[in-house]
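**Student:** Pasting query.txt below, which is compact mmCIF, N, CA and C atoms and all ligand atoms.
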# COMPACT_ATOMS: atom_id res chain seq x y z
N MET A 1 55.98 -88.24 0.12
CA MET A 1 56.67 -88.85 1.27
C MET A 1 55.69 -89.15 2.39
N PRO A 2 55.75 -90.37 3.00
CA PRO A 2 54.87 -90.66 4.14
C PRO A 2 55.16 -89.71 5.29
N LYS A 3 54.09 -89.33 6.00
CA LYS A 3 54.25 -88.42 7.15
C LYS A 3 54.98 -89.16 8.28
N GLU A 4 55.90 -88.46 8.92
CA GLU A 4 56.56 -89.02 10.12
C GLU A 4 55.52 -89.12 11.22
N LEU A 5 55.44 -90.30 11.88
CA LEU A 5 54.45 -90.48 12.94
C LEU A 5 54.99 -89.92 14.25
N ASP A 6 54.24 -89.00 14.85
CA ASP A 6 54.61 -88.47 16.16
C ASP A 6 54.71 -89.65 17.15
N PRO A 7 55.81 -89.75 17.93
CA PRO A 7 56.02 -90.92 18.80
C PRO A 7 54.86 -91.17 19.77
N GLU A 8 54.27 -90.10 20.28
CA GLU A 8 53.16 -90.27 21.24
C GLU A 8 51.93 -90.86 20.54
N LEU A 9 51.68 -90.37 19.34
CA LEU A 9 50.54 -90.85 18.53
C LEU A 9 50.77 -92.30 18.13
N ARG A 10 52.00 -92.62 17.82
CA ARG A 10 52.38 -93.99 17.45
C ARG A 10 52.05 -94.94 18.61
N GLU A 11 52.41 -94.53 19.83
CA GLU A 11 52.12 -95.36 21.01
C GLU A 11 50.62 -95.50 21.21
N ARG A 12 49.91 -94.38 21.02
CA ARG A 12 48.43 -94.41 21.20
C ARG A 12 47.79 -95.37 20.22
N LEU A 13 48.26 -95.30 18.99
CA LEU A 13 47.70 -96.15 17.93
C LEU A 13 47.94 -97.63 18.26
N LEU A 14 49.14 -97.94 18.72
CA LEU A 14 49.45 -99.33 19.10
C LEU A 14 48.59 -99.77 20.28
N ARG A 15 48.39 -98.85 21.23
CA ARG A 15 47.55 -99.19 22.41
C ARG A 15 46.11 -99.44 21.99
N GLU A 16 45.61 -98.64 21.06
CA GLU A 16 44.22 -98.80 20.59
C GLU A 16 44.05 -100.14 19.85
N ALA A 17 45.06 -100.53 19.09
CA ALA A 17 45.01 -101.83 18.40
C ALA A 17 44.96 -102.95 19.43
N GLU A 18 45.78 -102.84 20.47
CA GLU A 18 45.78 -103.82 21.57
C GLU A 18 44.42 -103.85 22.25
N GLY A 19 43.86 -102.67 22.47
CA GLY A 19 42.58 -102.55 23.17
C GLY A 19 41.45 -103.23 22.41
N ALA A 20 41.56 -103.22 21.09
CA ALA A 20 40.50 -103.82 20.26
C ALA A 20 40.51 -105.34 20.33
N LEU A 21 41.61 -105.92 20.79
CA LEU A 21 41.71 -107.40 20.87
C LEU A 21 40.57 -107.99 21.68
N ASP A 22 40.13 -107.30 22.70
CA ASP A 22 39.05 -107.81 23.55
C ASP A 22 37.70 -107.84 22.82
N ARG A 23 37.62 -107.15 21.70
CA ARG A 23 36.36 -107.13 20.94
C ARG A 23 36.39 -108.09 19.75
N SER A 24 37.50 -108.81 19.60
CA SER A 24 37.63 -109.76 18.49
C SER A 24 36.63 -110.91 18.65
N TYR A 25 36.01 -111.30 17.53
CA TYR A 25 35.13 -112.47 17.51
C TYR A 25 35.85 -113.53 16.67
N ALA A 26 36.55 -114.44 17.35
CA ALA A 26 37.37 -115.42 16.63
C ALA A 26 37.22 -116.82 17.24
N PRO A 27 35.96 -117.33 17.27
CA PRO A 27 35.75 -118.64 17.90
C PRO A 27 36.31 -119.80 17.07
N TYR A 28 36.64 -119.59 15.79
CA TYR A 28 37.09 -120.68 14.93
C TYR A 28 38.61 -120.79 14.90
N SER A 29 39.29 -119.67 14.78
CA SER A 29 40.76 -119.72 14.74
C SER A 29 41.38 -119.48 16.12
N SER A 30 40.64 -118.87 17.02
CA SER A 30 41.19 -118.42 18.31
C SER A 30 42.39 -117.49 18.10
N PHE A 31 42.48 -116.87 16.94
CA PHE A 31 43.55 -115.91 16.66
C PHE A 31 42.91 -114.52 16.63
N HIS A 32 43.18 -113.77 17.69
CA HIS A 32 42.53 -112.47 17.85
C HIS A 32 43.42 -111.38 17.26
N VAL A 33 42.81 -110.53 16.46
CA VAL A 33 43.56 -109.44 15.82
C VAL A 33 42.84 -108.13 16.09
N GLY A 34 43.61 -107.13 16.47
CA GLY A 34 43.07 -105.78 16.66
C GLY A 34 43.78 -104.85 15.70
N ALA A 35 43.07 -103.85 15.19
CA ALA A 35 43.70 -102.87 14.30
C ALA A 35 43.21 -101.49 14.67
N ALA A 36 44.07 -100.52 14.50
CA ALA A 36 43.68 -99.12 14.72
C ALA A 36 44.17 -98.30 13.54
N ILE A 37 43.28 -97.45 13.05
CA ILE A 37 43.56 -96.60 11.88
C ILE A 37 43.69 -95.16 12.36
N LEU A 38 44.76 -94.47 11.96
CA LEU A 38 44.84 -93.02 12.17
C LEU A 38 44.36 -92.36 10.90
N THR A 39 43.26 -91.63 10.98
CA THR A 39 42.68 -91.05 9.76
C THR A 39 43.25 -89.65 9.49
N GLY A 40 43.03 -89.20 8.28
CA GLY A 40 43.54 -87.88 7.88
C GLY A 40 42.99 -86.76 8.73
N SER A 41 41.84 -86.98 9.35
CA SER A 41 41.26 -85.93 10.20
C SER A 41 41.74 -86.06 11.65
N GLY A 42 42.66 -86.98 11.90
CA GLY A 42 43.25 -87.09 13.23
C GLY A 42 42.52 -88.04 14.17
N ARG A 43 41.42 -88.65 13.67
CA ARG A 43 40.68 -89.62 14.49
C ARG A 43 41.41 -90.95 14.50
N ILE A 44 41.15 -91.72 15.57
CA ILE A 44 41.62 -93.11 15.59
C ILE A 44 40.40 -94.01 15.59
N GLN A 45 40.38 -94.95 14.66
CA GLN A 45 39.29 -95.93 14.57
C GLN A 45 39.88 -97.31 14.81
N ALA A 46 39.41 -97.97 15.85
CA ALA A 46 39.90 -99.32 16.13
C ALA A 46 38.80 -100.34 15.89
N ALA A 47 39.19 -101.55 15.56
CA ALA A 47 38.24 -102.65 15.38
C ALA A 47 39.01 -103.97 15.44
N ALA A 48 38.26 -105.07 15.38
CA ALA A 48 38.88 -106.39 15.52
C ALA A 48 38.39 -107.31 14.40
N ASN A 49 39.03 -108.48 14.29
CA ASN A 49 38.56 -109.45 13.29
C ASN A 49 37.22 -110.04 13.73
N VAL A 50 36.40 -110.36 12.74
CA VAL A 50 35.08 -110.94 12.99
C VAL A 50 34.96 -112.18 12.11
N GLU A 51 34.84 -113.34 12.74
CA GLU A 51 34.77 -114.59 11.99
C GLU A 51 33.33 -115.06 11.83
N CYS A 52 33.16 -116.08 10.96
CA CYS A 52 31.84 -116.61 10.66
C CYS A 52 31.96 -118.12 10.46
N ALA A 53 30.91 -118.85 10.80
CA ALA A 53 30.91 -120.31 10.63
C ALA A 53 31.21 -120.69 9.18
N SER A 54 30.78 -119.86 8.25
CA SER A 54 31.17 -120.03 6.85
C SER A 54 32.46 -119.21 6.71
N TYR A 55 33.61 -119.88 6.89
CA TYR A 55 34.89 -119.21 7.17
C TYR A 55 35.23 -118.05 6.23
N GLY A 56 34.93 -118.25 4.94
CA GLY A 56 35.32 -117.24 3.95
C GLY A 56 34.63 -115.90 4.14
N LEU A 57 33.61 -115.87 4.95
CA LEU A 57 32.88 -114.62 5.18
C LEU A 57 33.50 -113.79 6.29
N SER A 58 34.53 -114.33 6.93
CA SER A 58 35.18 -113.61 8.03
C SER A 58 35.84 -112.34 7.52
N CYS A 59 36.01 -111.37 8.42
CA CYS A 59 36.65 -110.11 8.02
C CYS A 59 37.82 -109.82 8.95
N CYS A 60 38.96 -109.50 8.36
CA CYS A 60 40.16 -109.17 9.12
C CYS A 60 39.95 -107.89 9.92
N ALA A 61 40.76 -107.74 10.96
CA ALA A 61 40.68 -106.55 11.82
C ALA A 61 40.95 -105.26 11.04
N GLU A 62 41.93 -105.31 10.14
CA GLU A 62 42.30 -104.10 9.40
C GLU A 62 41.13 -103.60 8.56
N ARG A 63 40.50 -104.54 7.83
CA ARG A 63 39.36 -104.11 7.00
C ARG A 63 38.16 -103.73 7.85
N SER A 64 37.95 -104.42 8.97
CA SER A 64 36.85 -104.03 9.87
C SER A 64 37.05 -102.58 10.30
N ALA A 65 38.29 -102.23 10.65
CA ALA A 65 38.57 -100.86 11.13
C ALA A 65 38.39 -99.84 10.00
N ILE A 66 38.85 -100.20 8.80
CA ILE A 66 38.73 -99.26 7.67
C ILE A 66 37.25 -99.06 7.32
N PHE A 67 36.48 -100.13 7.30
CA PHE A 67 35.06 -99.99 6.94
C PHE A 67 34.32 -99.20 8.02
N ALA A 68 34.67 -99.41 9.27
CA ALA A 68 34.06 -98.63 10.36
C ALA A 68 34.42 -97.15 10.21
N ALA A 69 35.67 -96.89 9.79
CA ALA A 69 36.11 -95.50 9.62
C ALA A 69 35.35 -94.83 8.47
N VAL A 70 35.11 -95.58 7.39
CA VAL A 70 34.33 -95.01 6.27
C VAL A 70 32.91 -94.74 6.74
N ALA A 71 32.36 -95.69 7.52
CA ALA A 71 30.99 -95.51 8.03
C ALA A 71 30.91 -94.26 8.92
N ALA A 72 32.00 -94.00 9.67
CA ALA A 72 31.99 -92.85 10.59
C ALA A 72 32.29 -91.53 9.90
N GLU A 73 33.23 -91.56 8.93
CA GLU A 73 33.72 -90.29 8.35
C GLU A 73 33.25 -90.05 6.93
N GLY A 74 32.81 -91.11 6.27
CA GLY A 74 32.36 -90.92 4.90
C GLY A 74 33.43 -91.22 3.88
N PRO A 75 33.09 -91.03 2.58
CA PRO A 75 33.93 -91.52 1.49
C PRO A 75 35.23 -90.74 1.29
N ASP A 76 35.39 -89.60 1.96
CA ASP A 76 36.65 -88.87 1.80
C ASP A 76 37.73 -89.35 2.75
N LEU A 77 37.45 -90.45 3.44
CA LEU A 77 38.41 -90.98 4.42
C LEU A 77 39.81 -91.08 3.84
N ARG A 78 40.79 -90.63 4.62
CA ARG A 78 42.20 -90.85 4.28
C ARG A 78 42.83 -91.60 5.44
N ILE A 79 43.74 -92.49 5.14
CA ILE A 79 44.44 -93.23 6.18
C ILE A 79 45.90 -92.78 6.23
N ASP A 80 46.33 -92.30 7.40
CA ASP A 80 47.75 -91.92 7.56
C ASP A 80 48.56 -93.07 8.14
N ALA A 81 47.93 -93.87 9.01
CA ALA A 81 48.68 -94.96 9.64
C ALA A 81 47.73 -96.06 10.10
N VAL A 82 48.28 -97.25 10.20
CA VAL A 82 47.53 -98.43 10.68
C VAL A 82 48.42 -99.16 11.67
N ALA A 83 47.84 -99.58 12.80
CA ALA A 83 48.59 -100.42 13.74
C ALA A 83 47.85 -101.74 13.92
N VAL A 84 48.60 -102.81 14.08
CA VAL A 84 48.02 -104.15 14.22
C VAL A 84 48.57 -104.81 15.48
N ALA A 85 47.69 -105.53 16.19
CA ALA A 85 48.11 -106.31 17.36
C ALA A 85 47.46 -107.68 17.27
N THR A 86 48.08 -108.69 17.87
CA THR A 86 47.48 -110.03 17.86
C THR A 86 47.52 -110.65 19.25
N ARG A 87 46.61 -111.58 19.47
CA ARG A 87 46.64 -112.44 20.67
C ARG A 87 46.25 -113.84 20.25
N PRO A 88 47.11 -114.87 20.36
CA PRO A 88 48.44 -114.77 20.95
C PRO A 88 49.41 -113.92 20.12
N ALA A 89 50.50 -113.51 20.76
CA ALA A 89 51.51 -112.72 20.06
C ALA A 89 52.05 -113.53 18.89
N ALA A 90 52.20 -112.89 17.75
CA ALA A 90 52.70 -113.56 16.54
C ALA A 90 53.25 -112.53 15.58
N VAL A 91 54.11 -112.95 14.69
CA VAL A 91 54.52 -112.08 13.59
C VAL A 91 53.31 -111.98 12.67
N ALA A 92 52.84 -110.78 12.39
CA ALA A 92 51.56 -110.66 11.67
C ALA A 92 51.49 -109.38 10.83
N ALA A 93 52.10 -109.43 9.67
CA ALA A 93 51.92 -108.34 8.70
C ALA A 93 50.52 -108.48 8.11
N PRO A 94 49.86 -107.37 7.77
CA PRO A 94 48.51 -107.46 7.18
C PRO A 94 48.48 -108.35 5.94
N CYS A 95 47.39 -109.08 5.78
CA CYS A 95 47.25 -109.96 4.61
C CYS A 95 47.15 -109.13 3.33
N GLY A 96 47.26 -109.79 2.20
CA GLY A 96 47.25 -109.10 0.91
C GLY A 96 45.99 -108.30 0.66
N ALA A 97 44.84 -108.88 1.03
CA ALA A 97 43.56 -108.19 0.81
C ALA A 97 43.53 -106.89 1.60
N CYS A 98 43.98 -106.93 2.84
CA CYS A 98 43.97 -105.73 3.68
C CYS A 98 44.96 -104.69 3.16
N ARG A 99 46.09 -105.15 2.63
CA ARG A 99 47.07 -104.20 2.06
C ARG A 99 46.42 -103.40 0.93
N GLN A 100 45.68 -104.10 0.08
CA GLN A 100 45.03 -103.41 -1.05
C GLN A 100 44.02 -102.38 -0.55
N VAL A 101 43.29 -102.72 0.51
CA VAL A 101 42.26 -101.80 1.02
C VAL A 101 42.91 -100.63 1.77
N ILE A 102 44.01 -100.90 2.48
CA ILE A 102 44.74 -99.79 3.12
C ILE A 102 45.20 -98.81 2.03
N TRP A 103 45.76 -99.36 0.98
CA TRP A 103 46.30 -98.56 -0.12
C TRP A 103 45.22 -97.72 -0.80
N GLU A 104 44.02 -98.28 -0.86
CA GLU A 104 42.88 -97.57 -1.45
C GLU A 104 42.67 -96.20 -0.79
N PHE A 105 42.88 -96.18 0.52
CA PHE A 105 42.59 -94.97 1.29
C PHE A 105 43.83 -94.22 1.77
N GLY A 106 45.01 -94.77 1.53
CA GLY A 106 46.22 -94.10 2.03
C GLY A 106 47.45 -94.56 1.28
N ARG A 107 47.73 -93.90 0.17
CA ARG A 107 48.86 -94.33 -0.67
C ARG A 107 50.19 -94.18 0.06
N GLU A 108 50.17 -93.34 1.14
CA GLU A 108 51.42 -93.14 1.88
C GLU A 108 51.29 -93.59 3.33
N ALA A 109 50.32 -94.47 3.57
CA ALA A 109 50.08 -94.91 4.95
C ALA A 109 51.29 -95.65 5.52
N VAL A 110 51.49 -95.42 6.82
CA VAL A 110 52.53 -96.14 7.56
C VAL A 110 51.85 -97.30 8.27
N VAL A 111 52.42 -98.49 8.20
CA VAL A 111 51.81 -99.68 8.81
C VAL A 111 52.72 -100.22 9.90
N LEU A 112 52.16 -100.35 11.11
CA LEU A 112 52.90 -100.89 12.26
C LEU A 112 52.33 -102.25 12.59
N TYR A 113 53.17 -103.26 12.62
CA TYR A 113 52.67 -104.61 12.91
C TYR A 113 53.72 -105.41 13.67
N PRO A 114 53.27 -106.47 14.37
CA PRO A 114 54.22 -107.26 15.15
C PRO A 114 55.18 -107.99 14.23
N GLY A 115 56.47 -107.69 14.34
CA GLY A 115 57.48 -108.33 13.49
C GLY A 115 58.31 -109.31 14.30
N GLU A 116 59.38 -109.79 13.69
CA GLU A 116 60.27 -110.76 14.37
C GLU A 116 60.88 -110.16 15.63
N GLU A 117 61.21 -108.87 15.55
CA GLU A 117 61.87 -108.22 16.70
C GLU A 117 61.09 -106.98 17.09
N GLY A 118 59.92 -107.18 17.64
CA GLY A 118 59.10 -106.05 18.08
C GLY A 118 58.31 -105.45 16.94
N VAL A 119 57.89 -104.20 17.15
CA VAL A 119 57.02 -103.55 16.16
C VAL A 119 57.80 -103.26 14.89
N CYS A 120 57.22 -103.67 13.76
CA CYS A 120 57.83 -103.44 12.47
C CYS A 120 57.09 -102.27 11.81
N GLU A 121 57.82 -101.35 11.22
CA GLU A 121 57.19 -100.18 10.59
C GLU A 121 57.55 -100.16 9.11
N ARG A 122 56.52 -100.18 8.25
CA ARG A 122 56.73 -100.16 6.80
C ARG A 122 55.69 -99.24 6.18
N THR A 123 55.99 -98.69 5.02
CA THR A 123 54.96 -97.95 4.30
C THR A 123 54.11 -98.96 3.53
N ILE A 124 52.90 -98.57 3.20
CA ILE A 124 52.04 -99.48 2.44
C ILE A 124 52.65 -99.76 1.06
N ALA A 125 53.37 -98.79 0.52
CA ALA A 125 54.01 -99.00 -0.79
C ALA A 125 55.09 -100.08 -0.70
N GLU A 126 55.73 -100.18 0.46
CA GLU A 126 56.72 -101.26 0.64
C GLU A 126 56.02 -102.62 0.73
N LEU A 127 54.87 -102.63 1.41
CA LEU A 127 54.15 -103.90 1.61
C LEU A 127 53.37 -104.31 0.37
N LEU A 128 52.98 -103.32 -0.43
CA LEU A 128 52.19 -103.59 -1.64
C LEU A 128 52.77 -102.78 -2.79
N PRO A 129 53.83 -103.29 -3.43
CA PRO A 129 54.55 -102.50 -4.41
C PRO A 129 53.79 -102.20 -5.70
N ALA A 130 52.80 -102.98 -6.04
CA ALA A 130 52.11 -102.72 -7.32
C ALA A 130 50.62 -102.95 -7.12
N GLY A 131 50.02 -102.09 -6.29
CA GLY A 131 48.60 -102.23 -5.99
C GLY A 131 47.74 -102.04 -7.23
N PHE A 132 46.58 -102.64 -7.19
CA PHE A 132 45.65 -102.52 -8.32
C PHE A 132 45.02 -101.13 -8.34
N ILE A 133 44.96 -100.53 -9.51
CA ILE A 133 44.32 -99.22 -9.68
C ILE A 133 43.22 -99.36 -10.74
N LEU A 134 42.08 -98.74 -10.51
CA LEU A 134 40.99 -98.77 -11.49
C LEU A 134 40.68 -97.34 -11.93
N1 LIG A 201 43.35 -111.87 10.24
C1 LIG A 201 43.28 -110.53 10.42
O1 LIG A 201 42.45 -110.03 11.17
N2 LIG A 201 44.17 -109.74 9.75
C2 LIG A 201 45.11 -110.20 8.86
O2 LIG A 201 45.79 -109.41 8.23
C3 LIG A 201 45.26 -111.65 8.66
C4 LIG A 201 44.31 -112.54 9.37
C5 LIG A 201 42.38 -112.72 10.94
C6 LIG A 201 41.39 -113.40 10.04
C7 LIG A 201 40.97 -114.57 10.90
O3 LIG A 201 39.91 -114.16 11.75
C8 LIG A 201 42.19 -114.88 11.74
O4 LIG A 201 43.04 -113.75 11.62
C9 LIG A 201 42.94 -116.13 11.32
O5 LIG A 201 43.28 -116.08 9.98
Spell out the structure here as structure tokens.
**Tutor:**
Amino acid sequence: MPKELDPELRERLLREAEGALDRSYAPYSSFHVGAAILTGSGRIQAAANVECASYGLSCCAERSAIFAAVAAEGPDLRIDAVAVATRPAAVAAPCGACRQVIWEFGREAVVLYPGEEGVCERTIAELLPAGFIL
């Protein structure tokens, strides 16, 4: 069962995702995305999307945050929750690639993202029902 997110921690995670928006490098799409990861050790790792003139090399905010968390904590990283924010405001569930990477590190992760009516909360298993396993 996914862990229930403490309401205060949930707010902090959303604030950290918002805070990362200012660090987004998105000169091509002008779509700024911030993400914050709550790790199994209780740390919060935030990061933003990073684009490149060769568009396909760009990296989403969610994966930027996860890779930064692995760099900081090492390969035993676990993800309990992920929060996403965008500027401009938009409905923005994590893309398929990011869902697979979230799932890699947190089979029971809770994902918070801007939905049609405010923050939407789903488990990664709901967002990615049949993730790839190797
Ligand atoms: N983007 C993210 O950061 N996360 C997603 O889940 C989807 C898209 C970024 C990639 C690109 O920099 C911009 O949004 C427009 O696609």
**Student:** Build an axis-aligned box that encloses every atom of stretch 74-83 of chain A listed in the file, pad it by 3 Å on each side, and report its centre and edge lengths in Å to one decimal, as JSON.
**Tutor:**
{"center_x": 40.5, "center_y": -95.3, "center_z": 7.6, "size_x": 22.3, "size_y": 18.9, "size_z": 18.6}
**Student:** Got a sec to check which residues lie within 8 Å of ligand LIG 201 (chain A), using only C-alpha atoms and all ligand atoms, and send them as a list in words?
**Tutor:**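 Selection of residues at most 8 Å from ligand LIG 201 (chain A): Tyr25, Ala26, Tyr28, Ser29, Ser30, Phe31, His32, Val33, Gly34, Ala35, Ala48, Asn49, Val50, Glu51, Ser58, Cys59, Cys60, Ala61, Glu62, Arg63, Ala92, Ala93, Pro94, Cys95, Gly96, Ala97 and Cys98 of chain A.
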**Student:** According to DSSP computed on the backbone, where in chain A is there strand (DSSP E)? Give the residues as an MDAnalysis selection string.
**Tutor:** chainID A and resid 32:39 44:48 79:87 110:115 118:123
**Student:** Pick from A:Ala17, A:Ala71, A:Val101, A:Leu128: nearest to A:Ala46, with all atoms listed in the file counted?
**Tutor:**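 Under the stated criterion, the closest residue is A:Ala17.
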**Student:** I'd like the neighbourhood of A:Leu134 as a VMD selection string, where a residue qualifies if any of its atoms comes within 12 Å (using only C-alpha atoms), though same-chain residues fewer than 2 positions away should be ignored.
**Tutor:** chain A and resid 104 131 to 132
**Student:** Might you pull out every residue within 6.5 Å of A:Pro2, with all atoms listed in the file counted and same-chain residues fewer than 5 positions away left off, and present them as a PDB file with N, CA and C atoms, keeping the file's coordinate frame?
**Tutor:**
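File produced: around00.pdb:
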ATOM      1  N   GLU A 108      50.170 -93.340   1.140  1.00  0.00           N
ATOM      2  CA  GLU A 108      51.420 -93.140   1.880  1.00  0.00           C
ATOM      3  C   GLU A 108      51.290 -93.590   3.330  1.00  0.00           C
ATOM      4  N   ALA A 109      50.320 -94.470   3.570  1.00  0.00           N
ATOM      5  CA  ALA A 109      50.080 -94.910   4.950  1.00  0.00           C
ATOM      6  C   ALA A 109      51.290 -95.650   5.520  1.00  0.00           C
ATOM      7  N   VAL A 110      51.490 -95.420   6.820  1.00  0.00           N
ATOM      8  CA  VAL A 110      52.530 -96.140   7.560  1.00  0.00           C
ATOM      9  C   VAL A 110      51.850 -97.300   8.270  1.00  0.00           C
TER      10      VAL A 110
END
**Student:** Have a look at atom CA of A:Arg12 and atom CA of A:Asp80 and let me know their distance in Å, one decimal.
**Tutor:** 13.9 Å
**Student:** How far is it from atom CA of A:Glu116 to atom N of A:Leu9, in Å with one decimal?
**Tutor:**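 Taking atom CA of A:Glu116 as the start and atom N of A:Leu9 as the end point, the length is 22.7 Å.
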**Student:** Given the choices A:Ala85, A:Leu127, A:Glu73, A:Phe67, which gets closest to A:Gln100 if the distance is worked out from all atoms listed in the file?
**Tutor:**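 The closest residue to A:Gln100 is A:Leu127.
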**Student:** Pick from A:Val84, A:Ala90, A:Ile133, A:Leu14: nearest to A:Val111, with all atoms listed in the file counted?
**Tutor:**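 Closest candidate: A:Val84.
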**Student:** What does the distance between atom CA of A:Pro129 and atom CA of A:Leu5 come to in Å, to one decimal place?
**Tutor:** 21.1 Å
**Student:** Which is closer to A:Glu11 than all the others in A:Ala81, A:Ala130, A:Tyr55, A:Asp76, using only C-alpha atoms?
**Tutor:**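 Looking at the shortest contact to A:Glu11, the residue is A:Ala81.
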**Student:** As a count of residues only, please: all residues of chain A that backbone DSSP puts in alpha helix (DSSP H).
**Tutor:** 41
**Student:** Restricting the calculation to all atoms listed in the file: of A:Ala53, A:Ile102, A:Glu126, A:Ala36, which residue gets closest to A:Glu16?
**Tutor:** A:Ala36
**Student:** With 6 Å as the threshold, what does the neighbourhood of (44.5, -93.3, 9.7) contain in terms of residues, counting only N, CA and C atoms? Coordinates are those of the file; answer as a ChimeraX atom specification.
**Tutor:** /A:37-40,78-82
